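This is entry31.cif (mmCIF, C-alpha atoms).
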data_coords
loop_
_atom_site.label_atom_id
_atom_site.label_comp_id
_atom_site.auth_asym_id
_atom_site.auth_seq_id
_atom_site.Cartn_x
_atom_site.Cartn_y
_atom_site.Cartn_z
CA MET J 1 45.26 -149.48 -96.19
CA GLU J 2 47.61 -152.10 -94.83
CA PRO J 3 51.28 -151.12 -94.63
CA GLY J 4 53.56 -152.65 -97.22
CA GLU J 5 56.22 -155.14 -96.40
CA GLY J 6 59.02 -153.29 -98.19
CA PRO J 7 60.39 -151.13 -95.35
CA GLY J 8 60.51 -154.13 -93.05
CA ALA J 9 63.21 -155.59 -95.26
CA LEU J 10 65.34 -152.45 -95.33
CA ASP J 11 68.99 -153.34 -95.96
CA LEU J 12 71.35 -151.95 -93.36
CA HIS J 13 74.47 -150.25 -94.69
CA GLY J 14 76.07 -146.84 -94.79
CA ASP J 15 77.67 -144.84 -92.02
CA GLU J 16 77.64 -147.17 -89.07
CA GLU J 17 78.41 -144.41 -86.62
CA ILE J 18 74.84 -143.19 -86.77
CA ILE J 19 73.10 -146.53 -87.00
CA GLU J 20 71.93 -148.90 -84.33
CA VAL J 21 69.78 -151.89 -85.10
CA VAL J 22 67.86 -153.19 -82.16
CA GLU J 23 65.87 -156.40 -82.36
CA LEU J 24 62.71 -156.40 -80.32
CA GLY J 25 61.18 -159.40 -78.64
CA PRO J 26 57.45 -160.07 -78.98
CA PRO J 27 55.34 -157.41 -77.26
CA GLY J 28 53.97 -158.31 -73.86
CA PRO J 29 50.32 -157.90 -72.91
CA ASP J 30 49.34 -154.35 -72.01
CA ASP J 31 46.52 -152.65 -70.17
CA LEU J 32 43.26 -153.10 -72.02
CA ALA J 33 41.25 -150.01 -72.77
CA GLU J 34 37.81 -149.52 -71.29
CA GLU J 35 35.11 -151.63 -72.91
CA MET J 36 32.88 -149.89 -75.41
CA GLU J 37 31.28 -150.56 -78.76
CA ASP J 38 33.61 -150.46 -81.74
CA VAL J 39 34.15 -147.10 -83.30
CA ASP J 40 33.25 -147.15 -86.98
CA PHE J 41 36.37 -146.33 -88.98
CA GLU J 42 34.81 -146.61 -92.41
CA ASP J 43 36.03 -144.03 -94.84
CA GLU J 44 33.33 -141.42 -95.12
CA GLY J 45 34.40 -140.68 -98.67
CA ALA J 46 35.47 -137.12 -98.13
CA GLU J 47 36.29 -135.50 -101.41
CA GLU J 48 39.56 -133.62 -101.70
CA PRO J 49 38.98 -130.82 -104.21
CA ASP J 50 41.91 -128.76 -105.32
CA ALA J 51 42.74 -125.89 -102.99
CA GLU J 52 41.49 -122.58 -104.27
CA ALA J 53 44.11 -120.61 -106.16
CA TRP J 54 45.85 -117.97 -104.11
CA GLU J 55 45.86 -114.56 -105.73
CA SER J 56 48.12 -111.85 -104.46
CA GLU J 57 49.57 -108.56 -105.55
CA ASP J 58 53.30 -107.93 -105.56
CA ASP J 59 54.41 -106.63 -102.20
CA GLU J 60 56.02 -103.30 -102.95
CA GLY J 61 57.94 -100.97 -100.75
CA VAL J 62 59.12 -103.49 -98.16
CA GLU J 63 61.99 -101.92 -96.28
CA ASP J 64 65.30 -103.70 -95.96
CA GLY J 65 65.56 -103.21 -92.20
CA MET J 66 64.85 -106.33 -90.13
CA GLU J 67 62.34 -104.52 -87.92
CA ALA J 68 60.34 -103.17 -90.84
CA GLN J 69 60.47 -106.21 -93.12
CA ASP J 70 57.07 -107.82 -93.51
CA ASP J 71 56.72 -110.31 -96.35
CA SER J 72 53.21 -111.36 -95.31
CA GLU J 73 50.03 -110.79 -97.32
CA VAL J 74 47.56 -110.88 -94.42
CA THR J 75 47.94 -110.30 -90.68
CA PHE J 76 45.36 -111.62 -88.19
CA SER J 77 45.64 -109.65 -84.96
CA LEU J 78 42.62 -110.41 -82.77
CA HIS J 79 44.69 -112.36 -80.23
CA SER J 80 45.94 -110.37 -77.25
CA ALA J 81 48.77 -112.75 -76.25
CA SER J 82 51.09 -115.36 -77.83
CA VAL J 83 49.42 -117.47 -80.51
CA PHE J 84 50.36 -121.10 -79.91
CA CYS J 85 48.72 -123.14 -82.68
CA VAL J 86 47.28 -122.95 -86.18
CA SER J 87 45.60 -125.38 -88.58
CA LEU J 88 44.11 -125.02 -92.05
CA ASP J 89 40.83 -126.64 -93.03
CA PRO J 90 41.78 -129.71 -95.11
CA LYS J 91 38.95 -129.54 -97.65
CA THR J 92 39.38 -126.03 -99.06
CA ASN J 93 42.45 -124.60 -97.28
CA THR J 94 40.55 -121.30 -97.08
CA LEU J 95 39.96 -121.25 -93.30
CA ALA J 96 42.41 -121.14 -90.42
CA VAL J 97 41.90 -121.79 -86.72
CA THR J 98 44.29 -120.26 -84.20
CA GLY J 99 44.55 -120.67 -80.43
CA GLY J 100 46.47 -118.59 -77.95
CA GLU J 101 47.64 -117.71 -74.48
CA ASP J 102 44.67 -115.32 -74.19
CA ASP J 103 42.39 -118.40 -73.67
CA LYS J 104 40.84 -117.72 -77.08
CA ALA J 105 40.51 -119.52 -80.38
CA PHE J 106 39.30 -118.00 -83.63
CA VAL J 107 38.24 -119.36 -87.01
CA TRP J 108 39.07 -116.87 -89.76
CA ARG J 109 39.38 -116.57 -93.51
CA VAL J 110 42.89 -116.90 -94.91
CA SER J 111 42.32 -114.66 -97.95
CA ASP J 112 41.63 -111.48 -95.97
CA GLY J 113 41.89 -112.29 -92.24
CA GLU J 114 38.15 -111.85 -91.75
CA LEU J 115 36.84 -113.42 -88.50
CA LEU J 116 34.21 -116.14 -89.02
CA PHE J 117 33.59 -116.92 -85.36
CA GLU J 118 35.24 -117.15 -81.96
CA CYS J 119 35.50 -120.53 -80.23
CA SER J 120 34.53 -119.09 -76.85
CA GLY J 121 34.43 -120.56 -73.37
CA HIS J 122 38.00 -121.73 -72.80
CA LYS J 123 39.52 -121.06 -69.39
CA ASP J 124 43.21 -121.63 -70.13
CA SER J 125 45.68 -121.17 -73.00
CA VAL J 126 44.40 -122.81 -76.18
CA THR J 127 47.30 -125.01 -77.29
CA CYS J 128 45.57 -127.40 -79.71
CA ALA J 129 43.22 -126.63 -82.60
CA GLY J 130 42.32 -128.44 -85.80
CA PHE J 131 39.65 -129.26 -88.38
CA SER J 132 38.14 -132.67 -89.05
CA HIS J 133 39.20 -134.42 -92.29
CA ASP J 134 36.18 -133.03 -94.18
CA SER J 135 36.29 -129.56 -92.57
CA VAL J 136 32.82 -130.07 -91.04
CA PHE J 137 34.05 -129.69 -87.45
CA VAL J 138 36.78 -127.72 -85.72
CA ALA J 139 38.15 -128.78 -82.32
CA THR J 140 39.90 -126.54 -79.80
CA GLY J 141 41.65 -127.69 -76.63
CA ASP J 142 43.17 -125.75 -73.75
CA MET J 143 45.95 -126.62 -71.33
CA SER J 144 43.54 -127.40 -68.50
CA GLY J 145 41.98 -130.18 -70.62
CA LEU J 146 38.75 -128.55 -71.79
CA ILE J 147 38.10 -129.68 -75.38
CA LYS J 148 35.34 -128.16 -77.49
CA VAL J 149 34.09 -129.09 -80.96
CA TRP J 150 32.27 -126.64 -83.22
CA ARG J 151 30.28 -127.17 -86.39
CA VAL J 152 31.95 -124.85 -88.88
CA ASP J 153 28.98 -123.98 -91.13
CA ALA J 154 26.63 -123.32 -88.20
CA LYS J 155 29.38 -121.66 -86.11
CA GLU J 156 28.03 -123.42 -83.03
CA GLU J 157 29.45 -125.68 -80.34
CA VAL J 158 28.25 -129.28 -80.68
CA TRP J 159 30.32 -131.11 -78.03
CA SER J 160 32.69 -130.53 -75.14
CA PHE J 161 34.56 -132.70 -72.66
CA GLU J 162 37.05 -132.14 -69.89
CA VAL J 163 40.11 -134.35 -69.40
CA GLY J 164 43.33 -133.90 -67.44
CA ASP J 165 46.00 -131.45 -68.55
CA LEU J 166 46.10 -131.63 -72.35
CA GLU J 167 49.33 -132.55 -74.16
CA TRP J 168 48.18 -133.02 -77.79
CA MET J 169 45.07 -133.53 -79.90
CA GLU J 170 44.47 -134.90 -83.40
CA TRP J 171 41.55 -135.72 -85.70
CA HIS J 172 41.20 -139.11 -87.37
CA PRO J 173 42.15 -138.95 -91.09
CA GLN J 174 38.89 -140.53 -92.32
CA ALA J 175 36.23 -140.27 -89.60
CA HIS J 176 34.70 -137.85 -87.11
CA VAL J 177 36.88 -139.25 -84.35
CA LEU J 178 39.11 -137.17 -82.09
CA LEU J 179 42.20 -138.37 -80.19
CA ALA J 180 43.91 -136.56 -77.32
CA GLY J 181 46.79 -137.31 -74.97
CA THR J 182 46.90 -136.08 -71.38
CA ALA J 183 49.41 -135.55 -68.58
CA ASP J 184 48.14 -138.59 -66.65
CA GLY J 185 49.36 -140.88 -69.45
CA ASN J 186 45.97 -141.61 -70.97
CA THR J 187 45.05 -141.27 -74.62
CA TRP J 188 41.37 -140.53 -75.17
CA MET J 189 39.30 -141.27 -78.27
CA TRP J 190 35.82 -139.91 -78.93
CA LYS J 191 33.27 -140.23 -81.70
CA ILE J 192 32.01 -136.74 -82.56
CA PRO J 193 29.41 -135.52 -81.87
CA SER J 194 27.99 -138.55 -79.99
CA GLY J 195 30.86 -138.54 -77.50
CA ASP J 196 31.28 -142.35 -77.39
CA CYS J 197 34.63 -142.79 -75.67
CA LYS J 198 37.60 -145.14 -75.30
CA THR J 199 40.75 -144.63 -73.27
CA PHE J 200 44.17 -146.16 -73.84
CA GLN J 201 46.08 -146.34 -70.58
CA GLY J 202 49.78 -145.61 -70.93
CA PRO J 203 52.45 -145.50 -68.22
CA ALA J 204 51.84 -143.14 -65.29
CA CYS J 205 53.50 -140.18 -67.00
CA PRO J 206 52.37 -137.68 -69.65
CA ALA J 207 51.46 -138.88 -73.16
CA THR J 208 53.62 -136.17 -74.74
CA CYS J 209 52.90 -136.69 -78.46
CA GLY J 210 50.76 -138.83 -80.73
CA ARG J 211 49.80 -139.48 -84.32
CA ILE J 212 47.08 -141.58 -85.97
CA LEU J 213 48.65 -143.72 -88.70
CA PRO J 214 47.36 -143.33 -92.28
CA ASP J 215 45.43 -146.63 -92.18
CA GLY J 216 43.20 -145.06 -89.51
CA LYS J 217 43.33 -148.26 -87.46
CA ARG J 218 46.43 -147.59 -85.36
CA ALA J 219 47.97 -144.72 -83.46
CA VAL J 220 51.51 -144.17 -82.20
CA VAL J 221 51.87 -142.42 -78.84
CA GLY J 222 55.08 -141.23 -77.19
CA TYR J 223 55.50 -140.75 -73.44
CA GLU J 224 57.59 -138.72 -71.03
CA ASP J 225 59.42 -141.82 -69.76
CA GLY J 226 60.89 -142.42 -73.23
CA THR J 227 58.53 -145.25 -74.20
CA MET J 228 56.51 -145.45 -77.41
CA ARG J 229 53.41 -147.54 -78.00
CA ILE J 230 51.53 -148.46 -81.15
CA TRP J 231 47.84 -148.84 -80.29
CA ASP J 232 45.12 -150.79 -82.08
CA LEU J 233 42.30 -148.24 -82.01
CA ARG J 234 39.51 -150.74 -82.56
CA GLN J 235 40.62 -153.32 -79.99
CA GLY J 236 42.04 -150.82 -77.50
CA THR J 237 45.20 -152.90 -77.11
CA SER J 238 48.83 -152.00 -77.65
CA LEU J 239 50.41 -153.82 -80.59
CA HIS J 240 54.01 -152.85 -79.80
CA VAL J 241 55.79 -151.24 -76.86
CA LEU J 242 59.27 -149.78 -77.28
CA LYS J 243 61.05 -149.09 -74.00
CA GLY J 244 64.48 -149.35 -72.43
CA GLN J 245 67.15 -149.51 -75.12
CA ASP J 246 64.48 -149.72 -77.80
CA GLY J 247 62.76 -146.59 -76.58
CA HIS J 248 64.32 -143.20 -75.80
CA GLN J 249 66.31 -142.20 -72.73
CA ASP J 250 64.34 -138.94 -72.32
CA PRO J 251 60.80 -137.72 -73.02
CA LEU J 252 59.48 -138.02 -76.57
CA THR J 253 58.78 -134.69 -78.24
CA CYS J 254 57.35 -135.67 -81.64
CA VAL J 255 56.27 -138.58 -83.82
CA ALA J 256 55.61 -138.87 -87.55
CA SER J 257 54.82 -141.56 -90.10
CA ASN J 258 55.53 -141.89 -93.80
CA GLN J 259 52.75 -141.74 -96.38
CA ASP J 260 51.70 -145.40 -96.19
CA GLY J 261 52.26 -145.70 -92.44
CA SER J 262 54.88 -148.45 -92.79
CA LEU J 263 57.57 -146.37 -91.08
CA ILE J 264 57.37 -144.29 -87.92
CA MET J 265 59.93 -141.80 -86.68
CA THR J 266 60.16 -140.65 -83.07
CA GLY J 267 62.10 -137.70 -81.69
CA SER J 268 63.19 -137.02 -78.14
CA VAL J 269 64.90 -134.71 -75.69
CA ASP J 270 67.78 -137.22 -75.90
CA CYS J 271 68.59 -135.78 -79.40
CA HIS J 272 67.98 -139.14 -81.08
CA ALA J 273 65.48 -139.85 -83.86
CA LYS J 274 64.44 -143.49 -84.19
CA LEU J 275 63.09 -145.10 -87.34
CA VAL J 276 60.63 -147.89 -86.53
CA ASN J 277 58.88 -150.47 -88.72
CA SER J 278 55.23 -150.03 -87.70
CA THR J 279 54.27 -153.61 -88.61
CA THR J 280 57.00 -155.42 -86.68
CA GLY J 281 57.64 -152.78 -84.02
CA LYS J 282 61.37 -153.15 -84.67
CA VAL J 283 63.79 -150.20 -84.62
CA VAL J 284 65.29 -149.99 -88.11
CA CYS J 285 67.94 -147.43 -87.22
CA VAL J 286 68.79 -144.56 -84.90
CA PHE J 287 69.84 -141.15 -86.17
CA LYS J 288 72.10 -139.36 -83.70
CA MET J 289 73.28 -135.79 -84.01
CA GLU J 290 77.04 -136.27 -83.72
CA SER J 291 78.44 -132.92 -82.65
CA VAL J 292 76.44 -129.78 -82.20
CA THR J 293 77.69 -126.50 -83.60
CA PRO J 294 79.91 -124.73 -81.04
CA LYS J 295 78.13 -121.86 -79.35
CA ALA J 296 79.54 -118.52 -78.29
CA PRO J 297 81.00 -118.47 -74.76
CA ILE J 298 78.30 -118.34 -72.09
CA SER J 299 78.10 -114.96 -70.38
CA GLU J 300 77.57 -114.63 -66.68
CA GLY J 301 74.00 -115.38 -65.66
CA GLU J 302 73.24 -117.33 -68.86
CA GLU J 303 72.54 -121.04 -68.95
CA ALA J 304 74.12 -123.42 -71.41
CA GLU J 305 71.76 -124.14 -74.29
CA SER J 306 70.25 -127.61 -74.30
CA ASN J 307 69.42 -129.50 -77.44
CA SER J 308 66.55 -131.80 -78.40
CA VAL J 309 64.61 -133.04 -81.41
CA GLU J 310 61.71 -130.61 -81.84
CA SER J 311 60.06 -131.77 -85.08
CA LEU J 312 60.44 -134.38 -87.81
CA GLY J 313 58.76 -135.64 -90.94
CA PHE J 314 59.01 -137.80 -94.06
CA CYS J 315 59.28 -136.66 -97.68
CA ASN J 316 56.52 -138.11 -99.89
CA VAL J 317 58.46 -138.14 -103.17
CA MET J 318 61.96 -139.30 -102.14
CA PRO J 319 63.26 -141.65 -99.40
CA LEU J 320 64.21 -138.71 -97.16
CA ALA J 321 63.37 -137.65 -93.63
CA ALA J 322 63.98 -134.31 -91.93
CA VAL J 323 64.75 -133.73 -88.25
CA GLY J 324 64.73 -130.27 -86.66
CA TYR J 325 66.74 -129.60 -83.50
CA LEU J 326 66.53 -126.95 -80.80
CA ASP J 327 70.12 -125.89 -81.55
CA GLY J 328 69.01 -124.79 -85.04
CA THR J 329 70.19 -127.80 -87.02
CA LEU J 330 67.99 -129.14 -89.80
CA ALA J 331 69.23 -132.65 -90.63
CA ILE J 332 68.14 -134.34 -93.86
CA TYR J 333 68.59 -138.11 -93.65
CA ASP J 334 68.65 -140.53 -96.58
CA LEU J 335 66.47 -143.50 -95.59
CA SER J 336 67.84 -145.84 -98.27
CA THR J 337 71.42 -145.52 -96.99
CA GLN J 338 70.40 -144.50 -93.45
CA SER J 339 72.93 -141.69 -93.48
CA LEU J 340 73.05 -137.94 -93.00
CA ARG J 341 72.61 -136.25 -96.38
CA HIS J 342 72.58 -132.55 -95.46
CA LYS J 343 72.95 -130.40 -92.38
CA CYS J 344 71.28 -126.98 -92.71
CA GLN J 345 72.09 -124.56 -89.92
CA HIS J 346 69.69 -121.96 -88.50
CA GLU J 347 70.81 -119.14 -86.23
CA SER J 348 68.24 -120.14 -83.61
CA GLY J 349 66.17 -123.15 -82.63
CA ILE J 350 63.78 -124.88 -85.02
CA VAL J 351 60.23 -125.00 -83.67
CA GLN J 352 58.58 -127.05 -86.38
CA LEU J 353 59.15 -128.43 -89.88
CA LEU J 354 56.78 -129.53 -92.64
CA TRP J 355 57.37 -131.14 -96.04
CA GLU J 356 55.57 -130.07 -99.18
CA GLU J 357 53.13 -132.79 -100.22
CA SER J 358 54.53 -133.34 -103.70
CA SER J 359 58.15 -132.21 -103.72
CA ALA J 360 61.42 -132.52 -101.83
CA VAL J 361 61.04 -129.10 -100.23
CA VAL J 362 60.98 -128.80 -96.44
CA TYR J 363 59.75 -125.75 -94.52
CA THR J 364 61.07 -124.70 -91.13
CA CYS J 365 59.96 -122.06 -88.65
CA SER J 366 62.27 -120.94 -85.91
CA LEU J 367 62.76 -118.86 -82.79
CA ASP J 368 64.20 -116.01 -84.88
CA GLY J 369 60.75 -115.37 -86.39
CA ALA J 370 61.49 -116.54 -89.95
CA VAL J 371 60.00 -119.22 -92.22
CA ARG J 372 62.52 -120.87 -94.52
CA LEU J 373 62.16 -123.20 -97.49
CA TRP J 374 64.94 -125.74 -98.11
CA ASP J 375 65.66 -127.95 -101.10
CA ALA J 376 66.32 -131.31 -99.49
CA ARG J 377 68.15 -132.60 -102.56
CA SER J 378 70.85 -129.93 -102.46
CA GLY J 379 70.57 -128.81 -98.82
CA LYS J 380 70.33 -125.19 -100.02
CA MET J 381 67.86 -122.61 -98.74
CA ILE J 382 65.34 -121.61 -101.42
CA SER J 383 63.78 -118.61 -99.71
CA GLU J 384 63.12 -116.92 -96.38
CA TYR J 385 60.05 -115.02 -95.18
CA ARG J 386 59.89 -112.57 -92.31
CA GLY J 387 57.24 -110.40 -90.72
CA HIS J 388 56.96 -111.44 -87.07
CA SER J 389 58.65 -109.45 -84.32
CA ALA J 390 58.93 -112.52 -82.06
CA GLU J 391 59.48 -116.28 -82.37
CA ILE J 392 57.18 -118.35 -84.60
CA LEU J 393 55.39 -120.95 -82.48
CA ASP J 394 53.46 -122.92 -85.12
CA PHE J 395 52.74 -122.90 -88.84
CA ALA J 396 50.74 -124.67 -91.53
CA VAL J 397 51.22 -125.08 -95.30
CA ASN J 398 48.32 -125.42 -97.72
CA LYS J 399 48.00 -128.39 -100.09
CA ASP J 400 49.42 -126.78 -103.21
CA ALA J 401 52.25 -125.19 -101.20
CA SER J 402 51.32 -121.66 -102.23
CA ILE J 403 50.73 -120.20 -98.76
CA VAL J 404 52.08 -120.57 -95.24
CA VAL J 405 50.15 -119.46 -92.15
CA THR J 406 52.25 -118.72 -89.05
CA THR J 407 51.56 -117.90 -85.41
CA SER J 408 53.89 -116.07 -83.08
CA GLY J 409 54.74 -114.76 -79.66
CA ASP J 410 54.04 -111.28 -81.07
CA HIS J 411 50.25 -111.98 -80.66
CA GLN J 412 49.74 -112.26 -84.43
CA ALA J 413 49.07 -114.82 -87.13
CA LYS J 414 50.32 -114.10 -90.64
CA VAL J 415 49.70 -115.44 -94.14
CA PHE J 416 52.70 -115.62 -96.50
CA CYS J 417 52.46 -116.25 -100.23
CA VAL J 418 55.27 -118.66 -101.18
CA GLN J 419 54.55 -119.30 -104.84
CA ARG J 420 57.84 -119.94 -106.60
CA PRO J 421 58.90 -119.30 -110.21
CA ASP J 422 60.12 -122.92 -110.52
CA ARG J 423 56.55 -124.23 -110.24
#

Take the structure from the file and write it as structure tokens.
Amino acid sequence: MEPGEGPGALDLHGDEEIIEVVELGPPGPDDLAEEMEDVDFEDEGAEEPDAEAWESEDDEGVEDGMEAQDDSEVTFSLHSASVFCVSLDPKTNTLAVTGGEDDKAFVWRVSDGELLFECSGHKDSVTCAGFSHDSVFVATGDMSGLIKVWRVDAKEEVWSFEVGDLEWMEWHPQAHVLLAGTADGNTWMWKIPSGDCKTFQGPACPATCGRILPDGKRAVVGYEDGTMRIWDLRQGTSLHVLKGQDGHQDPLTCVASNQDGSLIMTGSVDCHAKLVNSTTGKVVCVFKMESVTPKAPISEGEEAESNSVESLGFCNVMPLAAVGYLDGTLAIYDLSTQSLRHKCQHESGIVQLLWEESSAVVYTCSLDGAVRLWDARSGKMISEYRGHSAEILDFAVNKDASIVVTTSGDHQAKVFCVQRPDR
């Protein structure tokens, strides 16, 4: 799918205090990736059946006290240390994979927490885990750079590879192709399970975040030096490089694209979120958090709290984008007017946010251990779910937005039923 031309012609108006428009010159030549045969990106025709209905009984007898409150339906507690990452299998949404500080990853059933198999053999904290687009494979990656791929039905390892220190990992949306970014600045791409490989050489600093665009032909990668590159996955060349004033002043923390891949958003430690036209490589506007909420006076021995963009994403049904900040601010931006629409304050830092696929509802998880649902149209909180005794470190939402799976520093993963009466 080729990106549309519409967003490239976005009219600029609205609150000029939070908008910068930066024209980019033509991209210069960049390092070519290693030669190899073309990876086949043909759509393998994965079917997307409806997620199985989630059945649950009313949770009775939950105590009001914060410590005792547990709104979850299922708790998975085989990890013996902080659980860093979780993903749901895309095809059925019935399986979860979690990875943790205990050097372990597990694939388990969401309905009852039953263990299917352990992804064994890691030698460092498992920080990345995810299923292929058709749920045939599951990949797990640890901080040291050991990546393993398992065939889900056979519960057996089919491929492994070791790279430098791992920063992020993502499956291709249509093919059995895996991408990963490492601390040496390289982005790796493998065909699974053959292991055919390409590398995309970035600047000599960590490739801190990355995302394959919906067309499956390009990927956007952010780096610690504040630069962002859009790569042509087939040719191994960079189509656009944003650096200097066009890039960020501090390391990138997250990237996202809208549903057709025409717009990219990047977030950084510099507290800015940049909206970029993926076809032209031009910065459409910059969203800046004006003033942060005043904090309580700093006691002796405490450090001043820093702020950064931790997560961001686009709404599929309205021209809205959400940005989550470490100071607890959830900012909802209107893309048509390029202005701040709502500011939703959390008591502690936002770790991650996700939009529902088919509504203007955004989910946040935060360092206070709660999952919250927000109506982006009104800026009001819809509901809040608790159950963890420590910060939530990652979460996933199933396709029909009926369940949320969370992982936490309390060594547990939990499943929350979030079906709402308005649906």

Could you jot down the atom CA of J:Pro173 to atom CA of J:Pro206 separation for me, Å, one decimal place?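 Going from atom CA of J:Pro173 over to atom CA of J:Pro206, I get 23.8 Å.
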
Mind giving me the straight-line distance from atom CA of J:Ala175 to atom CA of J:Thr94 in Å, one decimal?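 Computed distance, atom CA of J:Ala175 to atom CA of J:Thr94, equals 20.8 Å.
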
Rounded to one decimal place, report the atom CA of J:Gly195-atom CA of J:Leu179 distance in Å.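 Value for the atom CA of J:Gly195-atom CA of J:Leu179 distance: 11.7 Å.
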
Shell of 8 Å around J:Ser72, only C-alpha atoms, local chain residues under 5 positions omitted, as a PDB file with C-alpha atoms, in the coordinates of the input:
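Written out: out-v7.pdb:
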ATOM      1  CA  TYR J 385      60.050-115.020 -95.180  1.00  0.00           C
ATOM      2  CA  ARG J 386      59.890-112.570 -92.310  1.00  0.00           C
ATOM      3  CA  GLY J 387      57.240-110.400 -90.720  1.00  0.00           C
ATOM      4  CA  LYS J 414      50.320-114.100 -90.640  1.00  0.00           C
ATOM      5  CA  VAL J 415      49.700-115.440 -94.140  1.00  0.00           C
ATOM      6  CA  PHE J 416      52.700-115.620 -96.500  1.00  0.00           C
ATOM      7  CA  CYS J 417      52.460-116.250-100.230  1.00  0.00           C
TER       8      CYS J 417
END

To verify the selection step, state as number ranges by chain which residues the PyMOL selection byres ((chain J and resi 366-369) around 8) yields on this input. J: 328, 346-352, 364-365, 370-371, 386-393, 408

Check the smallest atom-to-atom distance from each of J:Lys91, J:His122, J:Arg109, J:Gln345 to J:Ser135 using only C-alpha atoms, then report the winner.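 The answer is J:Lys91, which sits nearest to J:Ser135.
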
Can you translate the PyMOL selection byres ((chain J and resi 315) around 8) into the concrete residues it hits in this file, as a ChimeraX atom specification? /J:258,313-314,316-322,355-357,359-360

Which residue, J:Gly244, J:Asn93, J:Gly185, J:Met228, has the smallest gap to J:Ala401 when you use only C-alpha atoms? J:Asn93

On this structure, the PyMOL selection byres ((chain J and resi 324-326) around 7) would catch which residues? List them as an MDAnalysis selection string, sorted by chain and number. chainID J and resid 307:312 322:323 327:331 349:350 352:353

Within 10 Å of (38.8, -125.5, -94.4), all atoms listed in the file: residues as a VMD selection string? chain J and resid 51 87 to 97 107 to 110 130 to 138 152

Need to verify the contact set: J:Tyr223, 12 Å, only C-alpha atoms, exclusion of same-chain residues closer than 2 positions in sequence. Can you return it as a ChimeraX atom specification? /J:167-168,181-187,201-210,220-221,225-230,241-243,247-255,266-269

Which residue of J:Lys148, J:Lys282, J:His411, J:His342 approaches J:Met169 most closely, using all atoms listed in the file: J:Lys148

Counting only C-alpha atoms, the residue of J:Glu114, J:Asp400, J:Asp246, J:Asp102 that sits nearest J:Ser358: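 Closest residue, counting only C-alpha atoms: J:Asp400.
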
My list of candidates is J:Leu373, J:Ala396, J:Ala154, J:Val177. Which is closest to J:Gln419 when distances are computed with all atoms listed in the file?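 Using all atoms listed in the file, J:Gln419 sits closest to J:Leu373.
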
Spatial neighbours of J:Ser160, max dist 8 Å, only C-alpha atoms, sep filter under 2 positions, as a list in words: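 Everything that qualifies: Leu146, Ile147, Lys148, Val149, Glu157, Val158 and Glu162 of chain J.
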
Counting all atoms listed in the file, the option among J:Asn277, J:Cys344, J:Lys198, J:Phe117 closest to J:Leu263: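 Residue with the minimum atom-to-atom distance to J:Leu263: J:Asn277.
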
Go ahead and find all residues with at least one atom no further than 8 Å from (41.3, -129.9, -69.6) in the file's coordinates, using all atoms listed in the file; report them as an NGL selection string. :J and (141-147 or 161-166)

With N, CA, C and O atoms as the target, complete stretch 316-323 of chain J and hand it back as a PDB file, keeping the file's coordinate frame.
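Okay, rebuild_33.pdb is ready:
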ATOM      1  N   ASN J 316      57.410-137.196 -99.165  1.00  0.00           N
ATOM      2  CA  ASN J 316      56.520-138.110 -99.890  1.00  0.00           C
ATOM      3  C   ASN J 316      57.094-138.593-101.213  1.00  0.00           C
ATOM      4  O   ASN J 316      56.671-139.628-101.732  1.00  0.00           O
ATOM      5  N   VAL J 317      58.036-137.849-101.800  1.00  0.00           N
ATOM      6  CA  VAL J 317      58.460-138.140-103.170  1.00  0.00           C
ATOM      7  C   VAL J 317      59.871-138.730-103.267  1.00  0.00           C
ATOM      8  O   VAL J 317      60.276-139.186-104.329  1.00  0.00           O
ATOM      9  N   MET J 318      60.614-138.702-102.176  1.00  0.00           N
ATOM     10  CA  MET J 318      61.960-139.300-102.140  1.00  0.00           C
ATOM     11  C   MET J 318      62.143-139.975-100.785  1.00  0.00           C
ATOM     12  O   MET J 318      61.473-139.602 -99.817  1.00  0.00           O
ATOM     13  N   PRO J 319      63.047-140.968-100.688  1.00  0.00           N
ATOM     14  CA  PRO J 319      63.260-141.650 -99.400  1.00  0.00           C
ATOM     15  C   PRO J 319      64.096-140.779 -98.456  1.00  0.00           C
ATOM     16  O   PRO J 319      65.228-141.103 -98.109  1.00  0.00           O
ATOM     17  N   LEU J 320      63.522-139.654 -98.036  1.00  0.00           N
ATOM     18  CA  LEU J 320      64.210-138.710 -97.160  1.00  0.00           C
ATOM     19  C   LEU J 320      63.364-138.432 -95.930  1.00  0.00           C
ATOM     20  O   LEU J 320      62.133-138.504 -95.973  1.00  0.00           O
ATOM     21  N   ALA J 321      64.052-138.101 -94.841  1.00  0.00           N
ATOM     22  CA  ALA J 321      63.370-137.650 -93.630  1.00  0.00           C
ATOM     23  C   ALA J 321      64.116-136.432 -93.110  1.00  0.00           C
ATOM     24  O   ALA J 321      65.333-136.317 -93.278  1.00  0.00           O
ATOM     25  N   ALA J 322      63.383-135.518 -92.485  1.00  0.00           N
ATOM     26  CA  ALA J 322      63.980-134.310 -91.930  1.00  0.00           C
ATOM     27  C   ALA J 322      63.783-134.299 -90.423  1.00  0.00           C
ATOM     28  O   ALA J 322      62.727-134.688 -89.924  1.00  0.00           O
ATOM     29  N   VAL J 323      64.814-133.849 -89.711  1.00  0.00           N
ATOM     30  CA  VAL J 323      64.750-133.730 -88.250  1.00  0.00           C
ATOM     31  C   VAL J 323      65.208-132.319 -87.884  1.00  0.00           C
ATOM     32  O   VAL J 323      66.273-131.873 -88.323  1.00  0.00           O
TER      33      VAL J 323
END
